[in-house]
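Visitor: Data file protein31.cif (mmCIF, C-alpha atoms and all ligand atoms) is appended below.
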```cif
data_entry
loop_
_atom_site.label_atom_id
_atom_site.label_comp_id
_atom_site.auth_asym_id
_atom_site.auth_seq_id
_atom_site.Cartn_x
_atom_site.Cartn_y
_atom_site.Cartn_z
CA MET A 1 -3.06 16.03 -7.73
CA HIS A 2 0.62 15.12 -8.34
CA TYR A 3 1.90 12.35 -6.04
CA GLY A 4 5.58 12.66 -6.97
CA TYR A 5 6.23 9.71 -9.30
CA ASP A 6 8.50 11.49 -11.79
CA GLY A 7 10.94 8.95 -13.26
CA LYS A 8 9.31 6.04 -11.39
CA VAL A 9 7.73 2.89 -12.82
CA ALA A 10 4.47 1.42 -11.51
CA VAL A 11 2.67 -1.84 -12.28
CA VAL A 12 -1.09 -2.09 -11.84
CA THR A 13 -2.85 -5.46 -12.10
CA GLY A 14 -6.45 -5.27 -13.30
CA GLY A 15 -5.66 -1.90 -14.85
CA SER A 16 -8.27 -1.95 -17.62
CA SER A 17 -11.34 -0.98 -15.56
CA GLY A 18 -12.67 0.71 -12.44
CA ILE A 19 -10.24 1.30 -9.58
CA GLY A 20 -7.27 -0.16 -11.45
CA LEU A 21 -7.80 2.10 -14.45
CA ALA A 22 -8.29 5.17 -12.22
CA THR A 23 -5.03 4.25 -10.47
CA VAL A 24 -3.19 3.94 -13.78
CA GLU A 25 -4.46 7.40 -14.79
CA THR A 26 -3.54 8.97 -11.43
CA LEU A 27 -0.02 7.50 -11.56
CA LEU A 28 0.51 8.64 -15.16
CA GLN A 29 -0.67 12.14 -14.23
CA SER A 30 1.82 12.00 -11.33
CA GLY A 31 4.78 11.37 -13.64
CA ALA A 32 5.13 7.56 -13.55
CA SER A 33 5.52 5.18 -16.46
CA VAL A 34 2.90 2.47 -15.99
CA ALA A 35 2.57 -1.20 -16.94
CA LEU A 36 -0.92 -2.64 -16.67
CA CYS A 37 -2.46 -6.06 -17.18
CA ALA A 38 -5.91 -7.67 -17.36
CA ARG A 39 -7.33 -10.80 -18.99
CA THR A 40 -9.58 -9.38 -21.72
CA GLU A 41 -7.23 -8.33 -24.52
CA SER A 42 -9.72 -6.26 -26.52
CA ARG A 43 -10.70 -4.04 -23.59
CA LEU A 44 -7.08 -3.74 -22.46
CA ASN A 45 -5.99 -2.67 -25.94
CA ASP A 46 -8.78 -0.07 -26.15
CA VAL A 47 -7.77 1.36 -22.78
CA ALA A 48 -4.05 1.30 -23.64
CA ALA A 49 -4.71 3.18 -26.90
CA VAL A 50 -6.33 6.04 -24.99
CA LEU A 51 -3.57 6.09 -22.35
CA ILE A 52 -0.88 6.16 -25.07
CA ARG A 53 -2.72 8.98 -26.86
CA ASP A 54 -2.86 11.02 -23.63
CA HIS A 55 0.54 10.20 -22.08
CA GLY A 56 2.81 8.89 -24.86
CA GLU A 57 3.83 5.42 -26.00
CA GLU A 58 7.10 5.48 -24.05
CA ARG A 59 5.23 5.63 -20.70
CA VAL A 60 2.57 2.92 -21.17
CA PHE A 61 2.93 -0.87 -21.44
CA ALA A 62 -0.05 -3.26 -21.46
CA ARG A 63 -0.09 -7.08 -21.42
CA ALA A 64 -3.13 -9.38 -21.47
CA LEU A 65 -2.80 -12.10 -18.81
CA SER A 66 -4.38 -13.61 -15.74
CA VAL A 67 -2.58 -12.97 -12.47
CA LEU A 68 -3.49 -16.56 -11.59
CA GLU A 69 -0.99 -17.88 -14.18
CA PRO A 70 2.44 -17.67 -12.55
CA GLY A 71 4.36 -18.19 -15.82
CA ALA A 72 2.52 -15.34 -17.53
CA VAL A 73 3.07 -13.03 -14.56
CA LYS A 74 6.79 -13.88 -14.52
CA ASP A 75 7.04 -13.14 -18.26
CA PHE A 76 5.22 -9.84 -17.66
CA ALA A 77 7.78 -8.87 -15.00
CA GLY A 78 10.60 -9.75 -17.42
CA SER A 79 9.02 -7.59 -20.11
CA VAL A 80 8.55 -4.67 -17.71
CA GLU A 81 12.22 -4.92 -16.77
CA ALA A 82 13.25 -5.03 -20.44
CA ARG A 83 10.98 -2.11 -21.28
CA PHE A 84 11.43 0.22 -18.27
CA GLY A 85 14.41 -1.26 -16.39
CA ARG A 86 12.83 -0.98 -12.95
CA CYS A 87 9.69 -1.25 -10.83
CA ASP A 88 9.04 1.15 -7.95
CA LEU A 89 5.41 0.34 -7.18
CA LEU A 90 3.26 -2.77 -7.54
CA VAL A 91 -0.50 -2.30 -7.14
CA ASN A 92 -2.17 -5.69 -6.59
CA ASN A 93 -5.69 -4.78 -7.63
CA ALA A 94 -6.98 -7.48 -10.03
CA GLY A 95 -10.06 -9.38 -8.98
CA GLN A 96 -13.70 -9.18 -8.06
CA GLY A 97 -16.02 -10.08 -5.19
CA ARG A 98 -18.29 -13.12 -4.99
CA LEU A 99 -21.88 -12.82 -3.77
CA SER A 100 -22.81 -15.97 -1.84
CA THR A 101 -23.92 -17.17 1.59
CA PHE A 102 -22.44 -20.21 3.36
CA GLU A 103 -25.36 -22.36 2.17
CA ASP A 104 -24.92 -21.57 -1.50
CA THR A 105 -21.09 -21.66 -1.63
CA SER A 106 -19.74 -24.97 -2.95
CA ASP A 107 -16.29 -26.36 -2.14
CA GLU A 108 -15.26 -25.45 -5.68
CA ASP A 109 -16.41 -21.84 -5.09
CA TRP A 110 -14.42 -21.67 -1.84
CA ARG A 111 -11.28 -22.92 -3.59
CA ALA A 112 -11.72 -20.54 -6.52
CA GLU A 113 -12.24 -17.56 -4.23
CA TYR A 114 -9.23 -18.36 -2.04
CA GLU A 115 -7.13 -18.91 -5.14
CA LEU A 116 -8.15 -15.56 -6.63
CA LYS A 117 -7.72 -13.51 -3.48
CA LEU A 118 -4.43 -15.02 -2.30
CA PHE A 119 -2.64 -15.76 -5.57
CA SER A 120 -3.55 -12.37 -7.07
CA GLN A 121 -1.23 -11.08 -4.34
CA ILE A 122 1.32 -13.92 -4.31
CA HIS A 123 2.17 -14.29 -8.01
CA PRO A 124 2.76 -10.59 -8.84
CA THR A 125 4.58 -9.99 -5.54
CA ARG A 126 6.96 -12.89 -6.19
CA ALA A 127 7.57 -11.88 -9.83
CA PHE A 128 8.23 -8.19 -9.19
CA LEU A 129 10.05 -8.55 -5.86
CA PRO A 130 13.64 -8.46 -7.18
CA MET A 131 12.94 -5.16 -8.98
CA LEU A 132 11.01 -3.76 -6.02
CA ARG A 133 13.90 -4.59 -3.69
CA ARG A 134 16.43 -2.90 -5.97
CA ALA A 135 14.24 0.22 -6.21
CA LYS A 136 13.40 0.30 -2.44
CA GLY A 137 9.86 0.29 -3.71
CA ALA A 138 6.35 -0.32 -2.41
CA ILE A 139 3.42 -2.67 -2.76
CA VAL A 140 -0.15 -1.45 -2.35
CA ALA A 141 -2.83 -4.13 -2.16
CA VAL A 142 -6.44 -3.35 -2.95
CA ASN A 143 -8.42 -5.10 -0.26
CA SER A 144 -11.87 -4.75 1.22
CA LEU A 145 -13.44 -3.66 4.49
CA LEU A 146 -14.91 -7.18 4.45
CA ALA A 147 -11.55 -8.35 5.82
CA TYR A 148 -12.49 -6.81 9.18
CA GLN A 149 -16.27 -6.52 8.86
CA PRO A 150 -17.58 -9.67 7.16
CA GLU A 151 -20.96 -9.75 5.41
CA PRO A 152 -23.03 -12.96 5.39
CA HIS A 153 -24.00 -12.43 1.73
CA MET A 154 -20.27 -12.39 0.79
CA VAL A 155 -19.12 -15.13 3.10
CA CYS A 156 -16.18 -16.58 1.18
CA THR A 157 -14.94 -13.22 -0.12
CA SER A 158 -14.96 -11.88 3.46
CA SER A 159 -13.03 -14.85 4.77
CA ALA A 160 -10.46 -14.78 1.97
CA ARG A 161 -10.04 -11.00 2.38
CA ALA A 162 -9.13 -11.52 6.05
CA GLY A 163 -6.48 -14.04 4.97
CA VAL A 164 -5.05 -11.53 2.50
CA GLN A 165 -4.80 -8.88 5.22
CA ASN A 166 -2.90 -11.34 7.42
CA LEU A 167 -0.53 -12.18 4.55
CA LEU A 168 0.14 -8.49 3.91
CA LYS A 169 1.11 -7.94 7.53
CA SER A 170 3.64 -10.78 7.31
CA LEU A 171 4.99 -9.40 4.03
CA SER A 172 5.40 -5.92 5.53
CA VAL A 173 7.77 -7.43 8.12
CA GLU A 174 9.60 -9.90 5.87
CA LEU A 175 10.21 -7.39 3.07
CA ALA A 176 11.26 -4.51 5.35
CA PRO A 177 13.28 -2.38 5.20
CA ASP A 178 13.55 -2.70 1.40
CA VAL A 179 9.91 -2.77 0.34
CA ARG A 180 6.93 -1.12 2.04
CA VAL A 181 3.64 -3.08 2.00
CA ASN A 182 0.30 -1.37 2.63
CA SER A 183 -3.33 -1.79 1.67
CA VAL A 184 -6.53 0.09 1.08
CA LEU A 185 -9.73 -1.29 2.58
CA LEU A 186 -12.55 -0.38 0.26
CA GLY A 187 -16.20 -0.07 1.12
CA LEU A 188 -18.47 0.41 -1.92
CA VAL A 189 -16.79 2.06 -4.89
CA GLY A 190 -18.84 2.68 -8.04
CA SER A 191 -16.75 0.73 -10.56
CA GLY A 192 -17.21 -2.11 -13.06
CA GLN A 193 -18.49 -4.53 -10.41
CA TRP A 194 -21.30 -2.20 -9.29
CA SER A 195 -22.12 -1.22 -12.89
CA ARG A 196 -22.70 -4.91 -13.61
CA ARG A 197 -24.93 -5.29 -10.52
CA PHE A 198 -26.80 -2.09 -11.51
CA ALA A 199 -27.40 -3.54 -15.00
CA GLU A 200 -28.93 -6.64 -13.36
CA ARG A 201 -31.16 -4.64 -10.93
CA GLU A 202 -34.64 -5.99 -10.20
CA ASP A 203 -36.44 -2.72 -10.96
CA GLN A 204 -35.10 -1.76 -14.39
CA SER A 205 -36.93 1.62 -14.22
CA GLN A 206 -34.53 2.84 -11.48
CA SER A 207 -31.85 5.27 -12.72
CA ARG A 208 -28.19 4.78 -11.77
CA ALA A 209 -28.35 7.73 -9.32
CA GLU A 210 -31.50 6.34 -7.69
CA TRP A 211 -30.10 2.81 -7.45
CA TYR A 212 -26.71 3.96 -6.06
CA GLY A 213 -28.49 6.36 -3.63
CA ALA A 214 -30.79 3.60 -2.35
CA LEU A 215 -27.78 1.29 -1.98
CA ALA A 216 -25.84 3.88 0.07
CA ALA A 217 -28.89 4.44 2.31
CA LYS A 218 -29.46 0.70 2.76
CA LYS A 219 -25.81 0.16 3.71
CA GLY A 220 -25.83 3.17 6.08
CA ILE A 221 -22.80 4.86 4.51
CA PRO A 222 -22.26 8.03 6.62
CA LEU A 223 -21.06 10.09 3.63
CA GLY A 224 -24.31 9.10 1.87
CA ARG A 225 -22.90 7.83 -1.43
CA LEU A 226 -20.66 5.28 -3.10
CA GLY A 227 -17.02 6.23 -3.64
CA ASN A 228 -15.56 7.05 -7.06
CA PRO A 229 -12.69 4.98 -8.50
CA ALA A 230 -10.55 8.15 -8.50
CA GLU A 231 -11.03 8.47 -4.73
CA ALA A 232 -9.70 4.94 -4.21
CA ALA A 233 -6.86 5.68 -6.64
CA ALA A 234 -5.84 8.76 -4.63
CA ALA A 235 -5.36 6.63 -1.49
CA ILE A 236 -3.41 3.99 -3.45
CA ALA A 237 -1.16 6.63 -5.06
CA PHE A 238 -0.48 8.22 -1.66
CA LEU A 239 0.49 4.93 0.01
CA GLY A 240 2.88 4.09 -2.82
CA SER A 241 4.48 7.55 -2.90
CA PRO A 242 7.47 9.11 -1.13
CA ALA A 243 4.96 10.99 1.08
CA ALA A 244 4.22 7.63 2.77
CA SER A 245 7.91 6.73 3.27
CA TYR A 246 7.48 5.80 6.98
CA ILE A 247 4.24 3.83 6.48
CA THR A 248 4.33 0.05 6.16
CA GLY A 249 2.05 -2.74 7.37
CA ALA A 250 -0.84 -0.26 7.44
CA GLN A 251 -4.32 -0.20 5.98
CA LEU A 252 -6.22 2.87 4.88
CA GLU A 253 -10.00 2.66 4.84
CA VAL A 254 -11.73 4.24 1.84
CA SER A 255 -15.37 3.62 2.60
CA GLY A 256 -17.23 6.85 3.31
CA GLY A 257 -17.16 5.90 7.01
CA LEU A 258 -18.81 2.49 6.62
CA SER A 259 -16.78 0.61 9.25
CA ARG A 260 -18.31 0.07 12.68
CA TYR A 261 -15.12 -0.88 14.51
CA ILE A 262 -12.66 1.51 16.15
P1 LIG A 301 -13.66 -3.92 -12.12
O1 LIG A 301 -14.45 -5.10 -12.51
O2 LIG A 301 -14.05 -2.58 -12.63
O3 LIG A 301 -12.10 -4.16 -12.50
C1 LIG A 301 -11.46 -5.37 -12.23
C2 LIG A 301 -10.18 -5.41 -13.05
O4 LIG A 301 -9.45 -6.60 -12.72
C3 LIG A 301 -10.44 -5.49 -14.54
O5 LIG A 301 -9.40 -4.80 -15.22
C4 LIG A 301 -10.37 -6.98 -14.84
O6 LIG A 301 -10.12 -7.19 -16.22
C5 LIG A 301 -9.20 -7.35 -13.92
N1 LIG A 301 -9.09 -8.75 -13.54
C6 LIG A 301 -10.02 -9.53 -12.92
N2 LIG A 301 -9.53 -10.75 -12.71
C7 LIG A 301 -8.27 -10.77 -13.21
C8 LIG A 301 -7.25 -11.74 -13.30
N3 LIG A 301 -7.44 -12.99 -12.85
N4 LIG A 301 -6.07 -11.39 -13.85
C9 LIG A 301 -5.86 -10.14 -14.33
N5 LIG A 301 -6.79 -9.18 -14.28
C10 LIG A 301 -7.98 -9.49 -13.73
O7 LIG A 301 -13.66 -3.96 -10.53
P2 LIG A 301 -13.19 -2.93 -9.40
O8 LIG A 301 -12.42 -1.81 -9.94
O9 LIG A 301 -14.36 -2.66 -8.54
O10 LIG A 301 -12.25 -3.90 -8.55
C11 LIG A 301 -10.88 -3.71 -8.34
C12 LIG A 301 -10.49 -4.43 -7.06
O11 LIG A 301 -11.14 -3.80 -5.94
C13 LIG A 301 -10.92 -5.91 -7.04
O12 LIG A 301 -9.92 -6.69 -6.44
C14 LIG A 301 -12.16 -5.87 -6.16
O13 LIG A 301 -12.47 -7.10 -5.57
C15 LIG A 301 -11.75 -4.79 -5.14
N6 LIG A 301 -12.87 -4.23 -4.41
C16 LIG A 301 -13.79 -3.46 -5.04
C17 LIG A 301 -14.85 -2.90 -4.34
C18 LIG A 301 -15.88 -2.04 -4.99
O14 LIG A 301 -16.85 -1.63 -4.32
N7 LIG A 301 -15.73 -1.70 -6.26
C19 LIG A 301 -15.03 -3.17 -2.90
C20 LIG A 301 -13.99 -3.97 -2.33
C21 LIG A 301 -12.95 -4.47 -3.07
P3 LIG A 301 -10.46 -8.60 -16.94
O15 LIG A 301 -11.82 -9.01 -16.45
O16 LIG A 301 -10.37 -8.30 -18.38
O17 LIG A 301 -9.40 -9.54 -16.47
#
```
Please express the file's structure as structure tokens.
Ligand code: NDP

Guide:
Amino acid sequence: MHYGYDGKVAVVTGGSSGIGLATVETLLQSGASVALCARTESRLNDVAAVLIRDHGEERVFARALSVLEPGAVKDFAGSVEARFGRCDLLVNNAGQGRLSTFEDTSDEDWRAEYELKLFSQIHPTRAFLPMLRRAKGAIVAVNSLLAYQPEPHMVCTSSARAGVQNLLKSLSVELAPDVRVNSVLLGLVGSGQWSRRFAEREDQSQSRAEWYGALAAKKGIPLGRLGNPAEAAAAIAFLGSPAASYITGAQLEVSGGLSRYI
């Protein structure tokens, strides 16, 4: 599907894998030039080489960095401006969840999780804001259903996710009318995180389809399966696009119907 990004520039943090990579591909297919970042340089370079082969060098820019380093993020924004001259969409996607209960979460773990969840939004937003304002652009944050429906086995991720959602609501008011701010609330999407958990499964004889199917049944996902990264990317691309021009401060659930609240 084409989401109408011809001539636009998008930035995707955590663009080398899973949902971020699917978002980069969807945006490129929709006409955007895309800048992506992630920490692991070798994987980022491999991904960028394929994207450049498929979409052309002039439309792809990759930089290895952590979104938790404000100086590196600021430099990245400067390079994007030098390279493309503008930024119409920022997708704050970088990160991962933390499996832990209250009893096995140390103070250090709490601090690290809050730092990751909040500053992965704060640093890129601050760095790209001048360009986003000039372009009357949009921010789409990748957040989790855990923000509204916490799970005891992901206690600090759930709590930090709720804080992020609160921050996004404030941003949607403070940055209006120049910049729209929305989020996707993901349930279980079969990306890098779940591939790693699948690789560490207790019963190594279980196939991926069996393990994912059992997981969907255990979680009670009404659509009966995990989502695909491309399905999350479609929601992100929509919220950032001109088709969502009157939507700000909203969240779109992409979970196969997993939420239990109205
Ligand atoms: P993946 O592990 O497949 O991708 C994560 C991406 O983020 C990678 O490119 C990774 O690259 C990058 N990344 C991680 N930390 C940093 C950092 N500090 N700075 C820059 N890049 C970073 O995971 P998903 O696609 O599943 O996750 C994407 C987002 O969706 C995450 O925020 C995750 O928490 C969220 N989410 C996912 C769900 C799911 O079911 N998949 C459910 C709910 C939320 P590198 O490691 O090289 O830095």

Visitor: Residues of chain A that approach ligand LIG 301 (chain A) to 6 Å or less, counting all atoms listed in the file: could you list each one with the shortest pair of atoms and its distance in Å to one decimal, rows by chain and increasing residue number, as a tab-separated table?

Guide:
```
residue	atom	partner	partner_atom	distance
A:Thr13	CA	A:LIG301	N5	5.8
A:Gly14	CA	A:LIG301	O4	3.3
A:Gly15	CA	A:LIG301	O5	4.7
A:Ser16	CA	A:LIG301	O5	3.9
A:Ser17	CA	A:LIG301	O5	4.3
A:Gly18	CA	A:LIG301	O8	3.6
A:Ile19	CA	A:LIG301	O8	3.8
A:Gly20	CA	A:LIG301	O8	5.6
A:Ala38	CA	A:LIG301	N5	3.5
A:Arg39	CA	A:LIG301	O17	3.5
A:Thr40	CA	A:LIG301	O16	3.6
A:Leu65	CA	A:LIG301	C9	5.8
A:Ser66	CA	A:LIG301	N4	3.4
A:Val67	CA	A:LIG301	N4	4.1
A:Leu68	CA	A:LIG301	N3	5.5
A:Asn93	CA	A:LIG301	O12	4.8
A:Ala94	CA	A:LIG301	O4	3.8
A:Gly95	CA	A:LIG301	O12	3.7
A:Gln96	CA	A:LIG301	O13	3.5
A:Gly97	CA	A:LIG301	O13	4.7
A:Val142	CA	A:LIG301	O11	5.6
A:Asn143	CA	A:LIG301	C21	5.4
A:Ser144	CA	A:LIG301	C20	4.2
A:Leu186	CA	A:LIG301	C20	4.7
A:Gly187	CA	A:LIG301	C19	5.2
A:Leu188	CA	A:LIG301	O14	3.5
A:Val189	CA	A:LIG301	O14	3.7
A:Gly190	CA	A:LIG301	N7	5.7
A:Ser191	CA	A:LIG301	O9	4.6
A:Gly192	CA	A:LIG301	O2	3.2
A:Gln193	CA	A:LIG301	O1	4.6
```

Visitor: Please report the interatomic distance between CA of Leu223 in chain A and CA of Arg260 in chain A in Å with one decimal.

Guide: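 Taking CA of Leu223 in chain A and CA of Arg260 in chain A, their separation equals 13.8 Å.
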
Visitor: Which of these, A:Ala22, A:Val73, A:Ile247, A:Ala230, has the shortest distance to Val173 in chain A once you count only C-alpha atoms?

Guide: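 Smallest distance to Val173 in chain A is found for A:Ile247.
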
Visitor: To one decimal place in Å, what is the distance between CA of Arg59 in chain A and CA of Glu41 in chain A?

Guide: 19.1 Å

Visitor: Show me, as JSON, numbers by chain, the residues that have an atom within 8 Å of Asn92 in chain A when counting only C-alpha atoms, minus same-chain residues fewer than 3 positions from it.

Guide: {"A": [12, 13, 14, 120, 121, 124, 139, 140, 141, 142]}

Visitor: If we count only C-alpha atoms and set the cut-off at 9 Å, which residues sit around Gln149 in chain A, ignoring sequence neighbours fewer than 6 positions away in its own chain? Please answer as a PDB file with C-alpha atoms, keeping the file's coordinate frame.

Guide:
```pdb
ATOM      1  CA  SER A 158     -14.960 -11.880   3.460  1.00  0.00           C
ATOM      2  CA  SER A 259     -16.780   0.610   9.250  1.00  0.00           C
ATOM      3  CA  ARG A 260     -18.310   0.070  12.680  1.00  0.00           C
ATOM      4  CA  TYR A 261     -15.120  -0.880  14.510  1.00  0.00           C
TER       5      TYR A 261
END
```

Visitor: Report, in Å with one decimal, the straight-line distance from CA of Leu145 in chain A to CA of Glu253 in chain A.

Guide: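 Between CA of Leu145 in chain A and CA of Glu253 in chain A the gap is 7.2 Å.
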
Visitor: Compile the contact shell of Lys169 in chain A as a list in words: residues with an atom at most 8 Å away, counting only C-alpha atoms, same-chain residues fewer than 2 positions apart removed.

Guide: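 The filter keeps Gln165, Asn166, Leu167, Leu171, Ser172, Val173, Val181, Gly249 and Ala250 of chain A.
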
Visitor: Which polymer residues have any atom within 8 Å of an atom of range 4-9 of chain A, counting all atoms listed in the file, with same-chain residues fewer than 3 positions away left out, as a PDB file with C-alpha atoms, keeping the file's coordinate frame?

Guide:
```pdb
ATOM      1  CA  LEU A  27      -0.020   7.500 -11.560  1.00  0.00           C
ATOM      2  CA  SER A  30       1.820  12.000 -11.330  1.00  0.00           C
ATOM      3  CA  GLY A  31       4.780  11.370 -13.640  1.00  0.00           C
ATOM      4  CA  ALA A  32       5.130   7.560 -13.550  1.00  0.00           C
ATOM      5  CA  SER A  33       5.520   5.180 -16.460  1.00  0.00           C
ATOM      6  CA  VAL A  34       2.900   2.470 -15.990  1.00  0.00           C
ATOM      7  CA  ALA A  35       2.570  -1.200 -16.940  1.00  0.00           C
ATOM      8  CA  PHE A  84      11.430   0.220 -18.270  1.00  0.00           C
ATOM      9  CA  ARG A  86      12.830  -0.980 -12.950  1.00  0.00           C
ATOM     10  CA  CYS A  87       9.690  -1.250 -10.830  1.00  0.00           C
ATOM     11  CA  ASP A  88       9.040   1.150  -7.950  1.00  0.00           C
ATOM     12  CA  LEU A  89       5.410   0.340  -7.180  1.00  0.00           C
ATOM     13  CA  SER A 241       4.480   7.550  -2.900  1.00  0.00           C
ATOM     14  CA  PRO A 242       7.470   9.110  -1.130  1.00  0.00           C
TER      15      PRO A 242
END
```

Visitor: Of the candidates A:Ala209, A:Leu99, A:Leu252, A:Leu116, which shows the shortest atom-to-atom distance to Leu185 in chain A, using only C-alpha atoms?

Guide: A:Leu252

Visitor: So, with only C-alpha atoms as the atoms that count, which of A:Glu202, A:Asp104, A:Glu58, A:Asp109 lies closest to Ala160 in chain A?

Guide: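 Closest residue, counting only C-alpha atoms: A:Asp109.
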
Visitor: Using all atoms listed in the file, which of the listed residues (A:Ala162, A:Ile236, A:Ala135, A:Ala217) sits closest to Val179 in chain A?

Guide: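 Among the listed residues, the smallest separation from Val179 in chain A belongs to A:Ala135.
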
Visitor: When you count all atoms listed in the file, which of these residues is closest to Arg111 in chain A: A:Thr157, A:Leu215, A:Leu175, A:Gly85?

Guide: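 So, comparing all the options, the nearest one is A:Thr157.
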